$ cat run02.cif   # mmCIF, C-alpha atoms
data_model
loop_
_atom_site.label_atom_id
_atom_site.label_comp_id
_atom_site.auth_asym_id
_atom_site.auth_seq_id
_atom_site.Cartn_x
_atom_site.Cartn_y
_atom_site.Cartn_z
CA MET A 1 -23.17 -3.32 -27.10
CA THR A 2 -21.50 -1.83 -24.12
CA GLY A 3 -23.93 1.01 -23.49
CA SER A 4 -23.23 4.52 -22.37
CA GLU A 5 -20.44 5.27 -20.01
CA GLY A 6 -21.73 6.10 -16.57
CA PRO A 7 -20.21 8.21 -13.84
CA GLY A 8 -17.23 7.13 -11.79
CA HIS A 9 -14.84 6.59 -14.67
CA GLN A 10 -11.45 6.01 -13.08
CA VAL A 11 -8.05 5.21 -14.49
CA GLN A 12 -5.42 3.35 -12.53
CA ALA A 13 -1.87 2.97 -13.79
CA ILE A 14 -0.44 -0.53 -13.49
CA GLY A 15 3.26 -0.50 -12.69
CA ASN A 16 3.71 -2.92 -9.79
CA ASP A 17 1.97 -5.55 -7.67
CA GLU A 18 0.35 -2.97 -5.41
CA ASP A 19 -1.34 -1.44 -8.44
CA VAL A 20 -2.97 -4.81 -9.17
CA VAL A 21 -4.47 -4.63 -5.69
CA ARG A 22 -5.67 -1.06 -6.37
CA VAL A 23 -7.32 -2.13 -9.62
CA ARG A 24 -9.07 -4.90 -7.74
CA GLN A 25 -10.35 -2.43 -5.14
CA LEU A 26 -11.56 0.01 -7.81
CA VAL A 27 -13.40 -2.77 -9.63
CA ARG A 28 -14.94 -4.03 -6.41
CA THR A 29 -16.19 -0.53 -5.57
CA ALA A 30 -17.63 -0.13 -9.09
CA ALA A 31 -19.23 -3.57 -8.92
CA VAL A 32 -20.91 -2.70 -5.64
CA ALA A 33 -22.10 0.60 -7.14
CA ALA A 34 -23.55 -1.24 -10.16
CA LYS A 35 -25.37 -3.55 -7.73
CA LEU A 36 -23.79 -6.78 -8.93
CA SER A 37 -24.50 -9.86 -6.84
CA LEU A 38 -21.77 -11.11 -4.52
CA VAL A 39 -20.91 -13.94 -6.93
CA ASP A 40 -20.70 -11.57 -9.90
CA GLN A 41 -18.66 -9.09 -7.87
CA THR A 42 -16.18 -11.82 -7.03
CA LYS A 43 -16.07 -12.97 -10.66
CA VAL A 44 -15.40 -9.55 -12.14
CA VAL A 45 -12.86 -8.71 -9.43
CA THR A 46 -11.04 -11.97 -10.09
CA ALA A 47 -11.10 -11.39 -13.85
CA ALA A 48 -9.74 -7.87 -13.32
CA SER A 49 -7.02 -9.29 -11.10
CA GLU A 50 -5.95 -11.74 -13.83
CA LEU A 51 -6.00 -9.15 -16.59
CA ALA A 52 -4.22 -6.52 -14.50
CA ARG A 53 -1.48 -9.01 -13.74
CA ASN A 54 -1.22 -9.89 -17.44
CA THR A 55 -0.88 -6.19 -18.23
CA LEU A 56 1.90 -5.96 -15.66
CA VAL A 57 3.78 -9.20 -16.37
CA TYR A 58 3.36 -9.65 -20.13
CA GLY A 59 2.56 -6.09 -21.23
CA GLY A 60 5.27 -4.51 -19.11
CA GLY A 61 2.77 -2.29 -17.32
CA GLY A 62 -0.06 -0.12 -18.58
CA GLU A 63 -3.34 1.09 -17.21
CA ALA A 64 -6.86 0.03 -16.31
CA ALA A 65 -9.92 2.21 -16.86
CA VAL A 66 -12.82 1.26 -14.62
CA SER A 67 -16.33 2.59 -15.17
CA THR A 68 -19.91 1.69 -14.48
CA VAL A 69 -22.05 1.32 -17.60
CA ASP A 70 -25.76 1.32 -18.28
CA ASN A 71 -27.42 -0.07 -21.41
CA GLY A 72 -30.86 1.15 -20.45
CA VAL A 73 -31.93 -2.22 -19.08
CA ARG A 74 -29.07 -3.31 -16.89
CA ARG A 75 -26.11 -1.78 -15.17
CA GLY A 76 -22.66 -3.20 -15.22
CA VAL A 77 -18.96 -2.68 -14.81
CA ARG A 78 -16.62 -2.12 -17.71
CA VAL A 79 -12.87 -2.40 -17.33
CA VAL A 80 -10.42 -1.66 -20.12
CA PHE A 81 -6.82 -2.80 -19.75
CA SER A 82 -4.27 -1.40 -22.13
CA ASP A 83 -0.54 -1.76 -22.46
CA SER A 84 2.00 -0.97 -25.13
CA GLY A 85 3.90 -4.21 -24.71
CA PRO A 86 4.89 -6.84 -27.28
CA GLY A 87 1.30 -7.84 -28.12
CA ILE A 88 0.00 -11.39 -28.53
CA ALA A 89 1.23 -13.28 -31.61
CA ASP A 90 -1.19 -16.20 -31.46
CA ILE A 91 -4.49 -15.26 -29.82
CA ASP A 92 -5.96 -18.76 -30.07
CA LEU A 93 -2.96 -20.23 -28.34
CA ALA A 94 -3.01 -17.53 -25.64
CA LEU A 95 -6.67 -18.32 -24.97
CA THR A 96 -5.99 -22.05 -24.61
CA ASP A 97 -6.40 -23.38 -21.08
CA GLY A 98 -3.08 -24.30 -19.57
CA TYR A 99 -0.90 -22.48 -22.09
CA THR A 100 1.48 -19.98 -20.54
CA SER A 101 4.51 -18.15 -21.85
CA GLY A 102 5.40 -17.17 -18.29
CA GLY A 103 5.36 -19.23 -15.11
CA GLY A 104 1.65 -19.13 -14.32
CA LEU A 105 -1.08 -21.73 -14.47
CA GLY A 106 -2.06 -20.67 -17.99
CA LEU A 107 -5.65 -19.94 -16.96
CA GLY A 108 -5.58 -16.16 -16.50
CA LEU A 109 -6.69 -14.94 -19.91
CA SER A 110 -8.97 -17.86 -20.76
CA GLY A 111 -10.38 -17.95 -17.23
CA ALA A 112 -11.01 -14.21 -17.22
CA ARG A 113 -12.99 -14.59 -20.46
CA ARG A 114 -15.25 -17.16 -18.79
CA LEU A 115 -15.75 -14.93 -15.75
CA VAL A 116 -17.20 -11.94 -17.63
CA ASP A 117 -20.13 -11.34 -20.00
CA GLU A 118 -18.30 -9.43 -22.70
CA PHE A 119 -14.70 -9.84 -23.68
CA GLU A 120 -12.89 -7.95 -26.42
CA LEU A 121 -9.25 -8.57 -27.16
CA ASP A 122 -7.43 -6.20 -29.44
CA THR A 123 -3.76 -6.81 -29.99
CA VAL A 124 -1.08 -5.73 -32.44
CA VAL A 125 2.25 -7.51 -32.35
CA GLY A 126 4.89 -5.04 -31.28
CA ALA A 127 2.40 -2.29 -30.46
CA GLY A 128 0.41 -3.49 -27.47
CA THR A 129 -2.74 -5.13 -26.24
CA THR A 130 -6.12 -3.83 -25.13
CA VAL A 131 -8.61 -6.01 -23.34
CA ALA A 132 -12.09 -4.69 -22.57
CA VAL A 133 -14.45 -6.65 -20.35
CA VAL A 134 -17.98 -6.00 -19.15
CA LYS A 135 -19.93 -7.73 -16.41
CA TRP A 136 -23.65 -7.01 -16.23
CA ALA A 137 -25.81 -7.11 -13.15
CA ARG A 138 -28.42 -9.85 -13.36
CA MET B 1 19.51 31.24 -0.84
CA ALA B 2 22.38 32.07 1.48
CA LEU B 3 22.27 34.91 3.99
CA LYS B 4 24.84 37.64 3.76
CA ALA B 5 27.25 37.59 6.69
CA GLU B 6 25.86 40.81 8.16
CA GLN B 7 22.26 39.62 7.71
CA SER B 8 23.09 36.46 9.58
CA GLU B 9 24.72 38.55 12.30
CA ARG B 10 21.71 40.88 12.60
CA LEU B 11 19.34 37.92 12.84
CA GLY B 12 21.54 36.46 15.57
CA LYS B 13 21.48 39.77 17.40
CA LEU B 14 17.71 40.13 17.17
CA LEU B 15 17.28 36.55 18.41
CA SER B 16 19.51 37.11 21.41
CA ASP B 17 18.29 40.65 22.26
CA ARG B 18 14.60 39.73 22.18
CA SER B 19 15.10 36.07 22.94
CA GLU B 20 12.26 35.65 25.44
CA LYS B 21 9.65 37.58 23.51
CA ILE B 22 10.42 35.78 20.25
CA SER B 23 10.43 32.43 21.97
CA LYS B 24 7.03 33.13 23.53
CA ARG B 25 5.44 34.45 20.34
CA TRP B 26 6.92 31.61 18.23
CA ALA B 27 5.47 29.02 20.60
CA GLU B 28 2.04 30.70 20.45
CA VAL B 29 1.91 30.97 16.66
CA ALA B 30 3.25 27.45 16.23
CA ALA B 31 0.71 25.93 18.62
CA ALA B 32 -2.32 27.74 17.15
CA PRO B 33 -2.94 25.49 14.11
CA LEU B 34 -2.30 22.30 16.11
CA LYS B 35 -5.63 22.89 17.87
CA GLY B 36 -4.69 21.55 21.24
CA ARG B 37 -3.06 18.35 20.07
CA LEU B 38 0.14 19.84 21.37
CA THR B 39 -0.10 22.40 24.18
CA VAL B 40 1.61 25.77 23.92
CA ALA B 41 4.10 24.54 26.53
CA GLU B 42 4.94 21.39 24.58
CA SER B 43 5.26 23.12 21.25
CA GLY B 44 7.19 25.84 23.11
CA ARG B 45 9.81 23.36 24.30
CA GLN B 46 10.39 22.27 20.71
CA THR B 47 10.53 25.76 19.24
CA THR B 48 12.78 27.00 22.05
CA GLU B 49 15.20 24.14 21.41
CA LEU B 50 15.19 25.10 17.74
CA GLN B 51 15.72 28.73 18.66
CA VAL B 52 18.71 27.90 20.87
CA GLN B 53 20.32 25.86 18.11
CA LEU B 54 19.52 28.48 15.48
CA GLN B 55 21.10 31.14 17.68
CA LYS B 56 24.19 28.98 18.15
CA SER B 57 24.53 28.31 14.43
CA LEU B 58 24.23 32.00 13.62
CA ASN B 59 26.80 32.90 16.28
CA ASP B 60 29.14 30.43 14.60
CA GLY B 61 28.64 32.40 11.39
CA ALA B 62 26.21 30.12 9.57
CA THR B 63 24.80 31.66 6.37
CA ASN B 64 22.95 28.61 5.03
CA LEU B 65 21.81 25.20 6.16
CA ASP B 66 24.60 23.12 4.62
CA GLY B 67 27.73 23.87 6.60
CA PRO B 68 29.14 22.18 9.71
CA GLN B 69 27.93 25.14 11.84
CA THR B 70 24.33 23.99 11.38
CA ALA B 71 24.86 20.25 11.98
CA GLU B 72 23.19 20.42 15.39
CA LEU B 73 20.37 22.61 14.10
CA ARG B 74 19.68 20.02 11.39
CA ALA B 75 19.69 17.25 13.98
CA VAL B 76 17.12 19.12 16.10
CA LEU B 77 14.95 19.74 13.02
CA THR B 78 15.13 16.07 12.05
CA GLU B 79 14.22 15.00 15.57
CA LEU B 80 11.24 17.36 15.68
CA SER B 81 9.97 16.22 12.28
CA ARG B 82 10.39 12.57 13.14
CA GLY B 83 8.50 13.03 16.39
CA ARG B 84 5.67 14.84 14.62
CA ALA B 85 5.47 12.13 11.94
CA ARG B 86 5.16 9.44 14.60
CA GLN B 87 2.49 11.40 16.48
CA GLY B 88 0.40 11.59 13.32
CA PHE B 89 0.75 15.27 12.46
CA THR B 90 0.67 16.27 8.80
CA ALA B 91 3.68 17.59 6.94
CA THR B 92 1.99 20.99 6.69
CA GLU B 93 1.41 21.16 10.42
CA THR B 94 5.06 20.34 11.01
CA ALA B 95 6.44 22.87 8.55
CA THR B 96 4.03 25.55 9.82
CA SER B 97 5.60 25.26 13.25
CA ILE B 98 8.86 26.38 11.71
CA PHE B 99 7.34 29.05 9.49
CA ALA B 100 5.76 30.49 12.65
CA LEU B 101 9.17 31.98 13.43
CA LYS B 102 8.61 34.38 10.52
CA THR B 103 5.52 35.81 12.15
CA ALA B 104 7.34 36.15 15.45
CA LEU B 105 10.30 37.92 13.82
CA TYR B 106 8.03 40.19 11.82
CA GLU B 107 6.11 41.34 14.86
CA ILE B 108 8.87 41.51 17.40
CA GLY B 109 11.53 42.79 15.01
CA GLU B 110 9.03 45.58 14.19
CA VAL B 111 9.78 45.13 10.49
CA GLU B 112 6.78 47.21 9.53
CA LYS B 113 8.23 50.29 11.17
CA GLY B 114 11.73 49.63 9.86
CA ASP B 115 13.48 51.10 6.87
CA GLU B 116 14.28 49.49 3.57
CA LYS B 117 17.28 47.70 5.06
CA ALA B 118 15.10 46.09 7.70
CA LEU B 119 12.76 44.86 4.97
CA ARG B 120 15.63 43.46 2.94
CA ASP B 121 16.87 41.67 6.03
CA TYR B 122 13.45 40.25 6.67
CA VAL B 123 13.16 38.89 3.14
CA ALA B 124 16.56 37.22 3.46
CA TRP B 125 15.70 35.75 6.87
CA SER B 126 12.42 34.48 5.48
CA ALA B 127 14.23 32.66 2.72
CA PHE B 128 16.51 31.10 5.32
CA ILE B 129 13.54 30.00 7.43
CA ASP B 130 11.93 28.55 4.30
CA GLU B 131 15.05 26.45 3.94
CA LEU B 132 14.59 25.19 7.50
CA GLY B 133 10.95 24.40 6.70
CA LEU B 134 11.84 22.48 3.57
CA PHE B 135 14.46 20.54 5.46
CA SER B 136 11.89 19.54 8.06
CA PHE B 137 9.55 18.55 5.22
CA GLU B 138 12.19 16.21 3.83
CA ALA B 139 12.93 14.78 7.25
CA PHE B 140 9.20 14.34 7.81
CA SER B 141 8.66 12.32 4.63
CA ARG B 142 11.73 10.22 5.33
CA ALA B 143 10.34 9.42 8.76
CA ARG B 144 6.94 8.58 7.26
CA GLU B 145 8.49 6.24 4.70
CA HIS B 146 10.40 4.58 7.48
CA ILE B 147 7.19 4.06 9.45
CA ILE B 148 5.42 2.62 6.40
CA THR B 149 8.24 0.16 5.71
CA GLU B 150 8.23 -0.88 9.34
CA GLN B 151 4.49 -1.38 9.33
CA SER B 152 4.43 -3.45 6.15
CA GLU B 153 7.12 -5.67 7.61
CA GLN B 154 5.12 -6.01 10.81
CA LEU B 155 2.04 -6.83 8.77
CA LEU B 156 3.91 -9.57 6.96
CA GLU B 157 4.80 -11.07 10.31
CA LEU B 158 1.39 -10.57 11.85
CA SER B 159 -0.72 -11.89 9.06
CA THR B 160 0.79 -15.35 8.81
CA PRO B 161 0.46 -17.21 12.09
CA VAL B 162 0.61 -20.99 12.04
CA VAL B 163 -1.56 -22.38 14.82
CA LYS B 164 -1.80 -25.86 16.23
CA LEU B 165 -5.47 -26.79 16.15
CA TRP B 166 -5.32 -30.34 17.41
CA GLU B 167 -2.77 -33.03 18.07
CA GLY B 168 -1.19 -33.53 14.65
CA VAL B 169 -3.12 -30.73 12.94
CA VAL B 170 -1.71 -27.27 12.19
CA ALA B 171 -3.57 -24.47 10.42
CA VAL B 172 -2.67 -21.27 8.58
CA PRO B 173 -5.51 -18.76 8.37
CA LEU B 174 -4.75 -16.58 5.35
CA VAL B 175 -6.04 -13.01 5.55
CA GLY B 176 -5.90 -10.33 2.88
CA THR B 177 -3.96 -10.24 -0.33
CA LEU B 178 -1.65 -13.14 -0.99
CA ASP B 179 1.23 -11.77 -3.02
CA SER B 180 4.47 -13.57 -3.78
CA ALA B 181 6.30 -12.20 -0.75
CA ARG B 182 3.57 -13.28 1.66
CA ALA B 183 3.06 -16.62 -0.07
CA GLN B 184 6.76 -17.31 0.47
CA VAL B 185 6.51 -16.43 4.16
CA VAL B 186 3.40 -18.60 4.55
CA MET B 187 5.08 -21.57 2.90
CA GLU B 188 8.21 -21.27 5.02
CA ARG B 189 6.24 -20.92 8.24
CA LEU B 190 3.95 -23.81 7.45
CA LEU B 191 6.76 -26.18 6.48
CA GLN B 192 8.71 -25.22 9.60
CA ALA B 193 5.62 -25.76 11.78
CA LEU B 194 5.11 -29.20 10.23
CA VAL B 195 8.66 -30.16 11.19
CA ASP B 196 8.45 -28.59 14.67
CA THR B 197 5.15 -30.17 15.64
CA GLY B 198 5.53 -33.39 13.67
CA SER B 199 2.01 -32.88 12.34
CA PRO B 200 0.78 -35.07 9.48
CA TYR B 201 -2.07 -32.64 8.64
CA ALA B 202 -2.06 -29.00 7.64
CA ILE B 203 -5.14 -26.86 7.00
CA ILE B 204 -4.86 -23.78 4.78
CA ASP B 205 -7.84 -21.57 5.48
CA ILE B 206 -8.67 -18.99 2.81
CA THR B 207 -11.77 -17.48 4.43
CA GLY B 208 -10.01 -14.13 4.72
CA VAL B 209 -8.76 -13.96 1.14
CA PRO B 210 -11.14 -11.64 -0.76
CA ALA B 211 -10.30 -12.82 -4.29
CA VAL B 212 -8.83 -16.15 -5.28
CA ASP B 213 -7.24 -15.70 -8.69
CA THR B 214 -4.80 -17.95 -10.52
CA GLN B 215 -1.81 -16.43 -8.74
CA VAL B 216 -3.26 -17.10 -5.29
CA ALA B 217 -4.24 -20.62 -6.40
CA GLN B 218 -0.77 -21.25 -7.72
CA HIS B 219 0.82 -20.15 -4.45
CA VAL B 220 -1.54 -22.36 -2.46
CA LEU B 221 -0.93 -25.33 -4.77
CA LYS B 222 2.84 -24.93 -4.46
CA THR B 223 2.56 -24.84 -0.68
CA VAL B 224 0.45 -28.00 -0.72
CA MET B 225 2.97 -29.75 -2.97
CA ALA B 226 5.86 -28.76 -0.71
CA ALA B 227 3.98 -30.02 2.35
CA ARG B 228 3.28 -33.28 0.54
CA LEU B 229 6.94 -33.79 -0.19
CA MET B 230 7.44 -33.61 3.55
CA GLY B 231 4.83 -36.28 4.09
CA ALA B 232 2.02 -34.04 5.31
CA GLU B 233 -1.49 -33.88 3.90
CA CYS B 234 -3.01 -30.46 3.24
CA ILE B 235 -6.65 -29.52 3.41
CA ILE B 236 -7.90 -26.22 1.97
CA SER B 237 -10.81 -24.73 3.86
CA GLY B 238 -12.86 -21.56 3.83
CA ILE B 239 -14.11 -21.87 0.28
CA ARG B 240 -17.18 -19.66 0.15
CA PRO B 241 -19.89 -20.09 -2.53
CA GLN B 242 -18.78 -17.13 -4.63
CA ILE B 243 -15.15 -18.27 -4.47
CA ALA B 244 -16.13 -21.81 -5.48
CA GLN B 245 -18.02 -20.55 -8.54
CA THR B 246 -15.14 -18.28 -9.51
CA ILE B 247 -12.61 -21.08 -9.20
CA VAL B 248 -14.74 -23.31 -11.43
CA ALA B 249 -15.16 -20.58 -14.05
CA LEU B 250 -11.45 -19.83 -14.01
CA GLY B 251 -10.75 -23.51 -14.58
CA ILE B 252 -8.44 -23.97 -11.60
CA GLU B 253 -8.20 -27.60 -10.56
CA PHE B 254 -7.24 -28.56 -7.06
CA GLY B 255 -6.92 -32.21 -8.14
CA ASP B 256 -7.02 -34.67 -5.28
CA ILE B 257 -6.45 -32.01 -2.61
CA ALA B 258 -9.18 -32.14 0.01
CA THR B 259 -11.18 -28.89 0.15
CA LYS B 260 -13.82 -27.95 2.70
CA ALA B 261 -16.26 -25.09 3.12
CA THR B 262 -15.33 -24.30 6.70
CA LEU B 263 -12.38 -24.67 9.02
CA ALA B 264 -14.50 -26.88 11.30
CA ASP B 265 -15.17 -29.32 8.44
CA ALA B 266 -11.48 -29.43 7.63
CA LEU B 267 -10.56 -30.12 11.26
CA ARG B 268 -13.16 -32.89 11.48
CA HIS B 269 -11.77 -34.39 8.27
CA ALA B 270 -8.20 -34.29 9.59
CA ILE B 271 -9.10 -35.84 12.94
CA ARG B 272 -11.11 -38.60 11.26
CA ARG B 273 -8.25 -39.37 8.86
CA GLY B 274 -5.82 -39.31 11.77
CA ASN B 275 -7.90 -41.79 13.79
CA ALA B 276 -8.36 -44.07 10.78
CA GLY B 277 -4.61 -44.07 10.29
CA LYS B 278 -4.07 -45.08 13.93
CA ARG B 279 -6.48 -48.03 13.71
CA GLU B 280 -4.78 -49.33 10.60
CA ALA B 281 -1.43 -49.12 12.36
#
$ encode --input "run02.cif" --output "structure tokens"
Amino acid sequence: MTGSEGPGHQVQAIGNDEDVVRVRQLVRTAAVAAKLSLVDQTKVVTAASELARNTLVYGGGGEAAVSTVDNGVRRGVRVVFSDSGPGIADIDLALTDGYTSGGGLGLGLSGARRLVDEFELDTVVGAGTTVAVVKWAR
Amino acid sequence: MALKAEQSERLGKLLSDRSEKISKRWAEVAAAPLKGRLTVAESGRQTTELQVQLQKSLNDGATNLDGPQTAELRAVLTELSRGRARQGFTATETATSIFALKTALYEIGEVEKGDEKALRDYVAWSAFIDELGLFSFEAFSRAREHIITEQSEQLLELSTPVVKLWEGVVAVPLVGTLDSARAQVVMERLLQALVDTGSPYAIIDITGVPAVDTQVAQHVLKTVMAARLMGAECIISGIRPQIAQTIVALGIEFGDIATKATLADALRHAIRRGNAGKREA
């Protein structure tokens, strides 16, 4: 359950490296607003950084929607990355530590999943990929 | 929209006949929205220069802003816009200074009392002045872009100093976002400093990096590898608790690279290793 969408819903297009920085700043601001601890702030910002770069590098650009969410008990940050790139053919392989189809360390997607509380990956080969993550305040 | 030849002539005539009054009124109207950041005298010098060039262009038979007759006028406009951009004025404030001429012409040309022809003239002149304003707008944004490019280049230079901390120990304090361009600069600087100082130890301090993701880690690891190939040992310092936990969760491995919480720890480590090396030798 991701809960109701709170105020401060913001969408940032991802078209270049500077946009990755902007996404990071938006997520940090939202994380502070949702009262996440410093460790959790850093984790969700880092996860957003990985996923935004994936959107840019592998998805050919897209957008990130950042919002604060509230499930009645806890508040959190929800970030949805979407692109209309080539999609992911083998999700299991893509989520394997150390596997990369580019030149990275191969830890971005799998690492990002470990950094957040909720992780939803929705991909269609040839049509694009959507990744939604949520980090709850403890 | 181009002026008709006779409209251009009449504007030139009005400008020369009532030169002083227009110049004074233009300066006043132009300075008003600047709220004292430029005095009436200062803004007056700029508008008078514009007026002189405008007058000259019109005398040469200029009917729009493209021809060779207006080359000097364009240069003056560009100069004014560039100056304003550097002084931190907004584009609106800059363009308004030019549009102020319309008010001056309207009042001093007594358009209100004039006949239909006078009104037609005024509309045509206005369109011409709009062209001047738009030109200054363009020049303004070009100047701004230039400033931004300059600043980002300066930032690249500024943010990557390599400092000698101790005999045989150099350090790079990384601050801000580490993108590929900066990572490249950092690596080059560090490797050069290692050669120049003959240092066997290099400390990469990441205290000022807000988020260490896999890209940052990869850049740092590559720099460490390159330094190793040159025979230097790298120590990564400034790993704060939240960064440490994030790195573990991400699954980044720094292998046998020495990492320390603070720069002081890293320096102590380097000095100790350096002394141990000397005793063995």
$ atom_distance --input "run02.cif" --atom1 "atom CA of B:Tyr122" --atom2 "atom CA of B:Lys35"
28.1 Å
$ atom_distance --input "run02.cif" --atom1 "atom CA of B:Leu105" --atom2 "atom CA of B:Thr39"
21.4 Å
$ resolve_selection --input "run02.cif" --expression "the PyMOL selection byres ((chain A and resi 102-105) around 10)" --output "list of chain:residue names"
A:Asn54, A:Val57, A:Tyr58, A:Asp97, A:Gly98, A:Tyr99, A:Thr100, A:Ser101, A:Gly106, A:Leu107, A:Gly108, B:Thr214, B:Gln215, B:Ala217, B:Gln218, B:His219, B:Gly251, B:Ile252
$ resolve_selection --input "run02.cif" --expression "the PyMOL selection byres ((chain B) within 8 of (chain A))" --output "PyMOL selection string"
chain B and resi 177+179+211-215+218+241-243+245-246+249-252
$ residues_around --input "run02.cif" --residues "A:Asp90" --least-positions-apart "2" --cutoff "12 Å" --atoms "only C-alpha atoms" --output "ChimeraX atom specification"
/A:86-88,92-96,99-101,121-125
$ write_last_selection --input "run02.cif" --atoms "C-alpha atoms" --output "CSV table (one decimal), in the frame of the given file"
chain,number,residue,atom,x,y,z
A,86,PRO,CA,4.9,-6.8,-27.3
A,87,GLY,CA,1.3,-7.8,-28.1
A,88,ILE,CA,0.0,-11.4,-28.5
A,92,ASP,CA,-6.0,-18.8,-30.1
A,93,LEU,CA,-3.0,-20.2,-28.3
A,94,ALA,CA,-3.0,-17.5,-25.6
A,95,LEU,CA,-6.7,-18.3,-25.0
A,96,THR,CA,-6.0,-22.0,-24.6
A,99,TYR,CA,-0.9,-22.5,-22.1
A,100,THR,CA,1.5,-20.0,-20.5
A,101,SER,CA,4.5,-18.2,-21.8
A,121,LEU,CA,-9.2,-8.6,-27.2
A,122,ASP,CA,-7.4,-6.2,-29.4
A,123,THR,CA,-3.8,-6.8,-30.0
A,124,VAL,CA,-1.1,-5.7,-32.4
A,125,VAL,CA,2.2,-7.5,-32.4
$ closest_residue --input "run02.cif" --among "A:Ala132, A:Val20, A:Leu51, A:Ala34" --to "A:Asp70" --atoms "only C-alpha atoms"
A:Ala34
$ resolve_selection --input "run02.cif" --expression "the PyMOL selection byres ((chain B and resi 70) around 10)" --output "count of residues only"
21
$ atom_distance --input "run02.cif" --atom1 "atom CA of B:Thr149" --atom2 "atom CA of B:Arg86"
13.2 Å
$ residues_near_point --input "run02.cif" --point "(-10.8, -30.5, 17.9)" --cutoff "7 Å" --atoms "all atoms listed in the file" --output "JSON, numbers by chain"
{"B": [165, 166, 267]}
$ residues_around --input "run02.cif" --residues "B:Glu42" --least-positions-apart "6" --cutoff "10 Å" --atoms "only C-alpha atoms" --output "ChimeraX atom specification"
/B:27,31,48
